[in-house]
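Structure data (TSV, C-alpha atoms) from upload-v6.tsv:
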chain	number	residue	atom	x	y	z
A	10	MET	CA	139.28	149.81	105.11
A	11	PRO	CA	142.60	149.59	103.27
A	12	SER	CA	142.33	147.29	100.31
A	13	ALA	CA	144.34	144.09	100.33
A	14	LYS	CA	145.56	144.90	96.82
A	15	GLY	CA	148.78	146.69	96.00
A	16	ARG	CA	151.68	147.33	98.31
A	17	ARG	CA	149.61	148.69	101.12
A	18	ALA	CA	148.95	145.23	102.51
A	19	GLY	CA	151.51	143.87	104.91
A	20	GLY	CA	151.78	147.21	106.61
A	21	LEU	CA	153.81	150.30	105.89
A	22	THR	CA	156.04	152.03	108.37
A	23	PRO	CA	154.52	155.27	109.73
A	24	LYS	CA	156.91	157.17	107.47
A	25	GLY	CA	155.94	155.02	104.50
A	26	GLU	CA	152.24	155.60	105.23
A	27	GLN	CA	152.93	159.33	105.41
A	28	THR	CA	154.67	159.37	102.04
A	29	ARG	CA	151.91	157.33	100.50
A	30	GLN	CA	149.31	159.74	101.89
A	31	ARG	CA	151.23	162.73	100.53
A	32	ILE	CA	151.22	161.19	97.06
A	33	VAL	CA	147.50	160.41	97.19
A	34	ALA	CA	146.59	163.88	98.49
A	35	ALA	CA	148.65	165.53	95.74
A	36	ALA	CA	147.05	163.31	93.09
A	37	ALA	CA	143.56	164.02	94.46
A	38	GLN	CA	144.09	167.78	94.23
A	39	LEU	CA	145.51	167.61	90.69
A	40	MET	CA	142.67	165.35	89.52
A	41	PHE	CA	140.10	167.62	91.15
A	42	ASP	CA	141.57	170.61	89.31
A	43	GLY	CA	142.23	169.07	85.91
A	44	GLY	CA	140.66	165.63	85.73
A	45	VAL	CA	142.28	162.20	85.77
A	46	SER	CA	143.26	162.38	82.11
A	47	GLY	CA	144.86	165.80	82.63
A	48	THR	CA	147.07	164.46	85.43
A	49	THR	CA	150.26	162.49	84.77
A	50	ILE	CA	152.26	160.44	87.25
A	51	GLU	CA	155.03	162.98	86.67
A	52	ASP	CA	152.71	165.85	87.73
A	53	VAL	CA	151.88	163.94	90.90
A	54	ARG	CA	155.52	163.18	91.59
A	55	VAL	CA	156.46	166.88	91.35
A	56	ALA	CA	153.47	168.08	93.42
A	57	ALA	CA	154.17	165.54	96.16
A	58	GLY	CA	157.91	166.25	96.12
A	59	VAL	CA	158.89	162.61	95.84
A	60	SER	CA	160.98	160.53	93.47
A	61	SER	CA	159.59	158.48	90.64
A	62	SER	CA	160.66	155.24	92.31
A	63	GLN	CA	158.79	156.29	95.45
A	64	VAL	CA	155.56	156.75	93.48
A	65	TYR	CA	155.97	153.33	91.86
A	66	HIS	CA	156.86	151.78	95.20
A	67	TYR	CA	153.35	152.55	96.44
A	68	PHE	CA	151.36	152.41	93.20
A	69	LYS	CA	152.10	150.01	90.42
A	70	ASP	CA	150.41	152.22	87.84
A	71	LYS	CA	148.12	155.22	87.39
A	72	LYS	CA	145.05	153.01	87.69
A	73	ALA	CA	146.12	151.96	91.20
A	74	LEU	CA	146.73	155.60	92.11
A	75	VAL	CA	143.29	156.59	90.80
A	76	GLU	CA	141.67	153.94	93.00
A	77	ALA	CA	143.52	155.30	96.02
A	78	VAL	CA	142.29	158.80	95.10
A	79	ILE	CA	138.67	157.59	94.99
A	80	GLU	CA	139.08	156.05	98.47
A	81	TYR	CA	140.76	159.22	99.72
A	82	GLN	CA	137.99	161.50	98.41
A	83	THR	CA	135.31	159.23	99.86
A	84	GLU	CA	137.00	159.30	103.24
A	85	THR	CA	137.57	163.07	103.11
A	86	ILE	CA	134.12	164.07	101.92
A	87	VAL	CA	131.74	161.42	103.22
A	88	GLY	CA	133.84	160.61	106.29
A	89	GLY	CA	134.18	164.34	106.98
A	90	GLN	CA	130.41	164.84	106.76
A	91	GLU	CA	129.47	161.88	108.93
A	92	PRO	CA	128.87	163.89	112.13
A	93	MET	CA	126.55	166.14	110.11
A	94	LEU	CA	124.88	163.21	108.40
A	95	ALA	CA	124.13	161.74	111.80
A	96	ALA	CA	121.90	164.79	112.42
A	97	LEU	CA	119.83	164.38	109.24
A	98	ASP	CA	116.94	163.00	111.28
A	99	SER	CA	115.19	166.36	111.48
A	100	LEU	CA	114.33	169.23	109.15
A	101	GLU	CA	116.74	171.41	111.16
A	102	GLY	CA	119.57	168.93	110.62
A	103	LEU	CA	118.75	168.72	106.91
A	104	ARG	CA	118.75	172.51	106.61
A	105	ALA	CA	122.10	172.80	108.40
A	106	TRP	CA	123.59	170.24	106.01
A	107	ARG	CA	122.16	172.12	103.00
A	108	ASP	CA	123.67	175.38	104.30
A	109	PHE	CA	127.03	173.71	104.83
A	110	LEU	CA	127.07	172.29	101.28
A	111	VAL	CA	126.12	175.62	99.70
A	112	LYS	CA	128.67	177.54	101.76
A	113	HIS	CA	131.38	175.07	100.79
A	114	GLN	CA	130.64	175.69	97.11
A	115	GLU	CA	130.80	179.44	97.70
A	116	GLU	CA	134.24	179.00	99.23
A	117	LEU	CA	135.36	176.98	96.21
A	118	GLU	CA	133.87	179.60	93.86
A	119	CYS	CA	131.75	176.79	92.45
A	120	ARG	CA	134.78	175.05	90.97
A	121	GLY	CA	135.36	171.33	90.66
A	122	GLY	CA	131.89	169.91	91.29
A	123	CYS	CA	131.66	166.83	93.48
A	124	PRO	CA	135.14	165.27	93.75
A	125	ILE	CA	133.59	161.79	93.85
A	126	GLY	CA	130.87	162.30	91.23
A	127	SER	CA	133.31	163.95	88.81
A	128	LEU	CA	135.65	160.97	89.04
A	129	GLY	CA	132.65	158.73	88.35
A	130	SER	CA	131.62	160.72	85.31
A	131	GLU	CA	135.11	160.71	83.88
A	132	LEU	CA	135.93	157.05	84.55
A	133	ALA	CA	132.62	155.14	84.33
A	134	GLU	CA	132.98	154.11	80.69
A	135	THR	CA	136.70	153.42	80.64
A	136	ASP	CA	137.59	151.84	83.99
A	137	ASN	CA	135.01	149.48	85.43
A	138	GLN	CA	136.85	148.95	88.71
A	139	ALA	CA	137.03	152.69	89.28
A	140	ARG	CA	133.32	152.95	88.47
A	141	ALA	CA	132.53	150.31	91.10
A	142	LYS	CA	134.69	152.09	93.66
A	143	VAL	CA	132.94	155.41	93.00
A	144	ALA	CA	129.59	153.60	93.32
A	145	ALA	CA	130.72	152.29	96.72
A	146	GLY	CA	131.78	155.77	97.85
A	147	LEU	CA	128.45	157.26	96.81
A	148	ALA	CA	126.61	154.36	98.46
A	149	ARG	CA	128.30	155.30	101.73
A	150	TRP	CA	127.04	158.87	101.31
A	151	GLU	CA	123.55	157.59	100.54
A	152	GLN	CA	123.67	155.41	103.64
A	153	GLY	CA	124.48	158.44	105.80
A	154	ILE	CA	121.49	160.33	104.43
A	155	ARG	CA	119.29	157.25	104.70
A	156	SER	CA	119.90	156.59	108.37
A	157	GLY	CA	118.62	160.04	109.28
A	158	LEU	CA	115.54	159.74	107.10
A	159	ARG	CA	114.85	156.24	108.46
A	160	ALA	CA	114.95	157.64	111.97
A	161	MET	CA	112.43	160.34	111.01
A	162	HIS	CA	110.30	157.68	109.38
A	163	ALA	CA	110.46	155.42	112.44
A	164	ARG	CA	109.22	158.32	114.56
A	165	GLY	CA	106.24	158.67	112.19
A	166	GLN	CA	107.57	161.98	110.80
A	167	LEU	CA	107.63	161.01	107.15
A	168	GLY	CA	104.14	159.72	106.44
A	169	THR	CA	104.04	156.68	104.22
A	170	VAL	CA	106.95	157.59	101.97
A	171	ASP	CA	109.89	155.17	101.63
A	172	PRO	CA	112.84	156.82	103.43
A	173	ASP	CA	115.34	154.82	101.35
A	174	GLU	CA	113.94	156.23	98.11
A	175	LEU	CA	113.97	159.70	99.61
A	176	ALA	CA	117.64	159.24	100.49
A	177	LEU	CA	118.54	158.14	96.96
A	178	ALA	CA	116.59	161.07	95.49
A	179	THR	CA	118.38	163.44	97.87
A	180	LEU	CA	121.77	162.13	96.78
A	181	ALA	CA	120.72	162.58	93.13
A	182	ALA	CA	119.56	166.16	93.84
A	183	LEU	CA	122.90	166.81	95.54
A	184	GLN	CA	124.91	165.38	92.63
A	185	GLY	CA	122.88	167.16	89.97
A	186	GLY	CA	122.95	170.37	91.98
A	187	LEU	CA	126.74	170.18	92.33
A	188	LEU	CA	127.19	169.49	88.61
A	189	LEU	CA	124.98	172.42	87.56
A	190	THR	CA	126.65	174.64	90.15
A	191	GLN	CA	130.01	173.78	88.63
A	192	ILE	CA	128.81	174.35	85.05
A	193	GLN	CA	126.92	177.58	85.81
A	194	ARG	CA	129.45	178.88	88.35
A	195	SER	CA	126.58	179.71	90.67
A	196	THR	CA	125.38	178.08	93.90
A	197	LYS	CA	121.76	178.60	92.84
A	198	PRO	CA	121.27	175.14	91.28
A	199	LEU	CA	122.61	173.36	94.38
A	200	GLN	CA	120.46	175.48	96.70
A	201	THR	CA	117.37	175.02	94.60
A	202	ALA	CA	117.84	171.27	94.17
A	203	LEU	CA	118.31	170.71	97.90
A	204	ASP	CA	115.46	173.07	98.80
A	205	ALA	CA	113.14	171.07	96.56
A	206	MET	CA	114.03	167.91	98.51
A	207	LEU	CA	113.55	169.76	101.81
A	208	ALA	CA	110.14	170.95	100.60
A	209	LEU	CA	109.19	167.40	99.68
A	210	ILE	CA	110.34	166.08	103.05
A	211	ALA	CA	108.39	168.85	104.81
A	212	TYR	CA	105.26	167.86	102.85
A	213	GLU	CA	105.77	164.21	103.77
A	214	ALA	CA	106.30	165.19	107.39
A	215	ALA	CA	103.01	167.07	107.38
A	216	ALA	CA	101.09	164.39	105.45
B	14	MET	CA	121.90	178.57	65.44
B	15	PRO	CA	125.22	177.91	63.71
B	16	SER	CA	127.96	179.91	65.33
B	17	ALA	CA	129.65	182.62	63.30
B	18	LYS	CA	133.02	181.28	64.37
B	19	GLY	CA	135.13	178.83	62.41
B	20	ARG	CA	134.73	177.91	58.81
B	21	ARG	CA	131.05	177.29	59.01
B	22	ALA	CA	130.21	180.92	58.44
B	23	GLY	CA	129.92	182.00	54.84
B	24	GLY	CA	128.00	178.87	53.98
B	25	LEU	CA	129.07	175.39	53.08
B	26	THR	CA	127.89	173.51	50.03
B	27	PRO	CA	125.28	170.84	50.87
B	28	LYS	CA	128.01	168.24	50.40
B	29	GLY	CA	130.37	170.20	52.64
B	30	GLU	CA	127.70	170.50	55.32
B	31	GLN	CA	127.12	166.75	55.08
B	32	THR	CA	130.80	165.96	55.56
B	33	ARG	CA	131.02	168.37	58.46
B	34	GLN	CA	127.99	166.73	60.08
B	35	ARG	CA	129.50	163.26	59.60
B	36	ILE	CA	132.66	164.38	61.39
B	37	VAL	CA	130.71	165.93	64.28
B	38	ALA	CA	128.44	162.89	64.67
B	39	ALA	CA	131.46	160.55	64.73
B	40	ALA	CA	133.23	162.75	67.29
B	41	ALA	CA	130.08	162.95	69.44
B	42	GLN	CA	129.77	159.16	69.55
B	43	LEU	CA	133.46	158.64	70.36
B	44	MET	CA	133.39	161.29	73.09
B	45	PHE	CA	130.19	159.81	74.54
B	46	ASP	CA	131.86	156.39	74.70
B	47	GLY	CA	135.32	157.37	75.92
B	48	GLY	CA	135.34	161.02	76.90
B	49	VAL	CA	136.90	164.01	75.18
B	50	SER	CA	140.37	163.22	76.47
B	51	GLY	CA	140.08	159.63	75.24
B	52	THR	CA	139.26	160.77	71.71
B	53	THR	CA	141.92	161.95	69.26
B	54	ILE	CA	141.38	163.80	65.98
B	55	GLU	CA	142.81	160.69	64.34
B	56	ASP	CA	140.10	158.50	65.97
B	57	VAL	CA	137.46	160.89	64.64
B	58	ARG	CA	139.00	160.93	61.17
B	59	VAL	CA	138.94	157.12	60.97
B	60	ALA	CA	135.39	156.81	62.38
B	61	ALA	CA	134.04	159.45	59.98
B	62	GLY	CA	135.92	157.96	57.04
B	63	VAL	CA	137.46	161.25	55.96
B	64	SER	CA	140.96	162.57	55.37
B	65	SER	CA	142.94	164.55	57.87
B	66	SER	CA	142.83	167.65	55.67
B	67	GLN	CA	139.04	167.37	55.56
B	68	VAL	CA	138.83	167.39	59.37
B	69	TYR	CA	141.07	170.45	59.55
B	70	HIS	CA	139.15	172.14	56.77
B	71	TYR	CA	136.09	172.27	59.04
B	72	PHE	CA	137.71	172.47	62.49
B	73	LYS	CA	140.90	174.32	63.17
B	74	ASP	CA	141.63	172.23	66.25
B	75	LYS	CA	140.15	169.75	68.71
B	76	LYS	CA	138.72	172.58	70.81
B	77	ALA	CA	136.64	173.77	67.84
B	78	LEU	CA	135.46	170.20	67.23
B	79	VAL	CA	134.48	169.82	70.90
B	80	GLU	CA	132.38	172.97	70.71
B	81	ALA	CA	130.60	171.60	67.64
B	82	VAL	CA	129.97	168.36	69.54
B	83	ILE	CA	128.36	170.28	72.44
B	84	GLU	CA	126.07	172.07	69.95
B	85	TYR	CA	125.28	168.78	68.25
B	86	GLN	CA	124.40	167.00	71.50
B	87	THR	CA	122.25	169.92	72.63
B	88	GLU	CA	120.37	169.88	69.33
B	89	THR	CA	120.00	166.08	69.36
B	90	ILE	CA	118.90	165.69	72.97
B	91	VAL	CA	117.13	168.90	73.88
B	92	GLY	CA	115.91	169.59	70.35
B	93	GLY	CA	114.75	165.97	70.09
B	94	GLN	CA	112.82	166.24	73.36
B	95	GLU	CA	111.15	169.56	72.59
B	96	PRO	CA	107.80	168.08	71.48
B	97	MET	CA	107.72	166.15	74.77
B	98	LEU	CA	108.86	169.17	76.79
B	99	ALA	CA	105.97	171.14	75.30
B	100	ALA	CA	103.63	168.70	77.12
B	101	LEU	CA	105.22	169.18	80.56
B	102	ASP	CA	102.28	171.35	81.61
B	103	SER	CA	100.48	168.47	83.32
B	104	LEU	CA	101.33	165.60	85.65
B	105	GLU	CA	100.52	163.20	82.78
B	106	GLY	CA	103.00	164.97	80.49
B	107	LEU	CA	105.64	164.94	83.24
B	108	ARG	CA	105.08	161.22	83.82
B	109	ALA	CA	105.37	160.43	80.11
B	110	TRP	CA	108.66	162.35	79.95
B	111	ARG	CA	109.95	160.49	83.03
B	112	ASP	CA	109.02	157.16	81.43
B	113	PHE	CA	110.74	158.13	78.19
B	114	LEU	CA	113.96	159.12	79.99
B	115	VAL	CA	114.06	155.89	82.03
B	116	LYS	CA	113.32	153.72	78.99
B	117	HIS	CA	116.07	155.45	77.05
B	118	GLN	CA	118.57	154.60	79.80
B	119	GLU	CA	117.38	150.98	79.77
B	120	GLU	CA	118.06	150.86	76.04
B	121	LEU	CA	121.56	152.25	76.60
B	122	GLU	CA	122.13	149.76	79.44
B	123	CYS	CA	122.75	152.79	81.65
B	124	ARG	CA	125.93	153.67	79.80
B	125	GLY	CA	127.27	157.14	79.09
B	126	GLY	CA	125.20	159.30	81.42
B	127	CYS	CA	123.92	162.59	80.04
B	128	PRO	CA	125.89	163.41	76.87
B	129	ILE	CA	125.71	167.14	77.69
B	130	GLY	CA	126.28	166.91	81.45
B	131	SER	CA	129.22	164.53	81.01
B	132	LEU	CA	130.92	166.97	78.63
B	133	GLY	CA	130.33	169.69	81.23
B	134	SER	CA	131.85	167.62	84.00
B	135	GLU	CA	134.91	166.75	81.95
B	136	LEU	CA	135.56	170.22	80.51
B	137	ALA	CA	134.36	172.74	83.12
B	138	GLU	CA	137.74	173.28	84.77
B	139	THR	CA	139.93	173.14	81.68
B	140	ASP	CA	137.99	174.86	78.88
B	141	ASN	CA	135.92	177.85	79.90
B	142	GLN	CA	134.34	178.34	76.49
B	143	ALA	CA	133.18	174.74	76.45
B	144	ARG	CA	131.81	175.17	79.96
B	145	ALA	CA	129.78	178.20	78.83
B	146	LYS	CA	128.48	176.29	75.82
B	147	VAL	CA	127.39	173.36	78.00
B	148	ALA	CA	125.71	175.87	80.34
B	149	ALA	CA	123.79	177.28	77.37
B	150	GLY	CA	122.73	173.79	76.25
B	151	LEU	CA	121.48	172.93	79.73
B	152	ALA	CA	119.75	176.32	79.97
B	153	ARG	CA	117.78	175.40	76.85
B	154	TRP	CA	116.72	172.15	78.52
B	155	GLU	CA	115.73	174.04	81.67
B	156	GLN	CA	113.72	176.47	79.57
B	157	GLY	CA	111.77	173.60	78.03
B	158	ILE	CA	110.88	172.24	81.47
B	159	ARG	CA	110.13	175.71	82.77
B	160	SER	CA	107.60	176.64	80.12
B	161	GLY	CA	105.43	173.64	81.03
B	162	LEU	CA	105.63	174.36	84.75
B	163	ARG	CA	104.89	178.04	84.15
B	164	ALA	CA	101.77	177.04	82.25
B	165	MET	CA	100.65	174.85	85.16
B	166	HIS	CA	101.39	177.70	87.54
B	167	ALA	CA	99.45	180.21	85.41
B	168	ARG	CA	96.45	177.87	85.56
B	169	GLY	CA	96.72	177.88	89.36
B	170	GLN	CA	97.87	174.26	89.45
B	171	LEU	CA	101.10	174.77	91.35
B	172	GLY	CA	100.08	176.67	94.45
B	173	THR	CA	102.47	179.39	95.44
B	174	VAL	CA	105.68	177.65	94.42
B	175	ASP	CA	108.03	179.37	91.96
B	176	PRO	CA	107.81	177.35	88.72
B	177	ASP	CA	111.27	178.54	87.61
B	178	GLU	CA	112.86	177.11	90.74
B	179	LEU	CA	110.92	173.90	90.26
B	180	ALA	CA	112.27	173.67	86.70
B	181	LEU	CA	115.87	174.16	87.85
B	182	ALA	CA	115.42	171.56	90.59
B	183	THR	CA	113.93	169.15	88.05
B	184	LEU	CA	116.92	169.60	85.75
B	185	ALA	CA	119.24	168.98	88.70
B	186	ALA	CA	117.29	165.82	89.65
B	187	LEU	CA	117.55	164.67	86.04
B	188	GLN	CA	121.31	165.33	85.87
B	189	GLY	CA	122.03	163.72	89.24
B	190	GLY	CA	119.74	160.80	88.40
B	191	LEU	CA	121.53	160.24	85.09
B	192	LEU	CA	124.96	160.40	86.74
B	193	LEU	CA	124.03	157.90	89.47
B	194	THR	CA	122.34	155.68	86.88
B	195	GLN	CA	125.57	155.65	84.91
B	196	ILE	CA	127.73	154.95	87.96
B	197	GLN	CA	125.43	152.29	89.45
B	198	ARG	CA	124.43	150.78	86.08
B	199	SER	CA	120.81	150.82	87.21
B	200	THR	CA	117.87	153.02	86.20
B	201	LYS	CA	116.68	153.16	89.79
B	202	PRO	CA	118.42	156.45	90.71
B	203	LEU	CA	116.98	158.23	87.67
B	204	GLN	CA	113.49	156.89	88.34
B	205	THR	CA	113.65	157.74	92.01
B	206	ALA	CA	115.02	161.24	91.45
B	207	LEU	CA	112.34	162.11	88.89
B	208	ASP	CA	109.59	160.50	90.97
B	209	ALA	CA	110.59	162.69	93.91
B	210	MET	CA	110.14	165.79	91.73
B	211	LEU	CA	106.80	164.46	90.48
B	212	ALA	CA	105.71	163.88	94.08
B	213	LEU	CA	106.69	167.44	94.99
B	214	ILE	CA	104.82	168.84	91.98
B	215	ALA	CA	101.77	166.76	92.91
B	216	TYR	CA	101.90	168.16	96.47
B	217	GLU	CA	102.20	171.69	95.13
B	218	ALA	CA	99.30	171.03	92.76
B	219	ALA	CA	97.14	169.89	95.69
B	220	ALA	CA	98.26	172.68	98.03
Encoded form (structure tokens):
Amino acid sequence: MPSAKGRRAGGLTPKGEQTRQRIVAAAAQLMFDGGVSGTTIEDVRVAAGVSSSQVYHYFKDKKALVEAVIEYQTETIVGGQEPMLAALDSLEGLRAWRDFLVKHQEELECRGGCPIGSLGSELAETDNQARAKVAAGLARWEQGIRSGLRAMHARGQLGTVDPDELALATLAALQGGLLLTQIQRSTKPLQTALDAMLALIAYEAAA
Amino acid sequence: MPSAKGRRAGGLTPKGEQTRQRIVAAAAQLMFDGGVSGTTIEDVRVAAGVSSSQVYHYFKDKKALVEAVIEYQTETIVGGQEPMLAALDSLEGLRAWRDFLVKHQEELECRGGCPIGSLGSELAETDNQARAKVAAGLARWEQGIRSGLRAMHARGQLGTVDPDELALATLAALQGGLLLTQIQRSTKPLQTALDAMLALIAYEAAA
């Protein structure tokens, strides 16, 4: 849902929306590569191929741009995974998701970590609004995982365990696995973290 | 082990070592609160109560100071936990460690995340030496967890599971739990992530 804040409200022309999207996508890539603090409005302007007044037309300051980047990454990553998340109601679906996540890190050569989690780590202590927006993005991810595990639970396939806690623990394993994968430049931590959760879910399923 | 690089080699006087430590501790606190990019050498100088020439006497640039901060945080956190890590060879020891970690986050009001992991997230894509140093610090933490789990395994208390993989997954759960705890300002993610690993270890122990 577009926020009511900023100049997005009131509706942009299709061309305006396109320009805005180009700016946000350029900013997201730069911040993924070099962090928020390593990215200036001028860098974004050059990468998006727009004028300075265009950037400031859509975003009153860097803080507003950062918020748009958090929304964009949430939509790209969590929104993009939603069809896969909808299949997390079986061990097969969970394994396919795990394989997809590991393969994606291989393609990225283990660079960048989680685009949402990294923004959270960088901004949590200095920008409380950004922290809350990252929390909302991660909550959406957690919700996707949860609905699959709740379905398994409802079918009696998860024993007595709380599927909501399992979903939160899975998101934590994913985030920690992505961070260690980034730091070690190896997909092993992500694989191992997710496999541990799969092993736990398999035990619960058999309990 | 002090690194041979920089001006530390060749030995500092006790007073020199004390001044150096004061600078590193001040930098570590500032970087924990506001990130590396949010911390200038001038901020560190003021917080440590030293002159600019003193800072540059010990650290040729900010990069050298950041490396010293990574070593300092590794020593403080992992070194400080080593007596507790030595007891991770039983479910009771693992539970006591989990309780300690959660209580520590309560005391910090869930601020800051993992001081080592946060540095890794911020620096991994822009400073490869810092990334490698963070990886080494986290490897030391993993090793502490691993030795307890290996002891359990050697006593036949972990079934057929690989204790090294369990240790890596536990470190990932810890890192992801700390990150989500920071972003959500709640200890629940950390608790839930560690409890999931404890549940898995308990299943393996009973298998």
Could you list, as a PDB file with C-alpha atoms, in the coordinates of the input, every residue within 9 Å of Ile129 in chain B, counting all atoms listed in the file and ignoring same-chain residues fewer than 5 positions away?
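The resulting part.pdb:
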ATOM      1  CA  ILE B  83     128.360 170.280  72.440  1.00  0.00           C
ATOM      2  CA  GLN B  86     124.400 167.000  71.500  1.00  0.00           C
ATOM      3  CA  THR B  87     122.250 169.920  72.630  1.00  0.00           C
ATOM      4  CA  ILE B  90     118.900 165.690  72.970  1.00  0.00           C
ATOM      5  CA  SER B 134     131.850 167.620  84.000  1.00  0.00           C
ATOM      6  CA  VAL B 147     127.390 173.360  78.000  1.00  0.00           C
ATOM      7  CA  GLY B 150     122.730 173.790  76.250  1.00  0.00           C
ATOM      8  CA  LEU B 151     121.480 172.930  79.730  1.00  0.00           C
TER       9      LEU B 151
END
Distance cut-off 8 Å, counting only C-alpha atoms - which residues of chain A neighbour chain B? Return them as a ChimeraX atom specification. /A:42-44,46,120-122,126-127,129-131,133-135,140-141,143-144,174-175,177-186,188-189,191-193,198-199,201-203,205-206,208-209,212
Could you list, as an MDAnalysis selection string, every residue within 12 Å of Glu120 in chain B, counting all atoms listed in the file and ignoring same-chain residues fewer than 6 positions away? chainID B and resid 113:114 198:200
So how far away is CA of Glu118 in chain A from CA of Gln38 in chain A, in Å?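 Calculated distance between CA of Gln38 in chain A and CA of Glu118 in chain A is 15.6 Å.
Take CA of Ala99 in chain B and CA of His166 in chain B: the distance between them is 14.6 Å.
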CA of Thr28 in chain A sits from CA of Trp150 in chain A at a separation of 27.6 Å
Nearest to Pro92 in chain A by atom-to-atom distance, counting all atoms listed in the file, from A:Ala105, A:Pro23, A:Ile50, A:Asp136: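 Among the listed residues, the smallest separation from Pro92 in chain A belongs to A:Ala105.
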Of the candidates B:Glu88, B:Asp175, B:Glu155, B:Asp56, which shows the shortest atom-to-atom distance to Lys75 in chain B, using all atoms listed in the file? B:Asp56
I need the residue nearest Arg107 in chain A from this list: A:Tyr67, A:Ala214, A:Val78, A:Ile154. Use only C-alpha atoms for the distance. A:Ile154
Point (133.6, 166.6, 61.0) neighbourhood (8 Å, all atoms listed in the file) written as a ChimeraX atom specification: /B:32-40,57-58,61,67-68,71-72,78
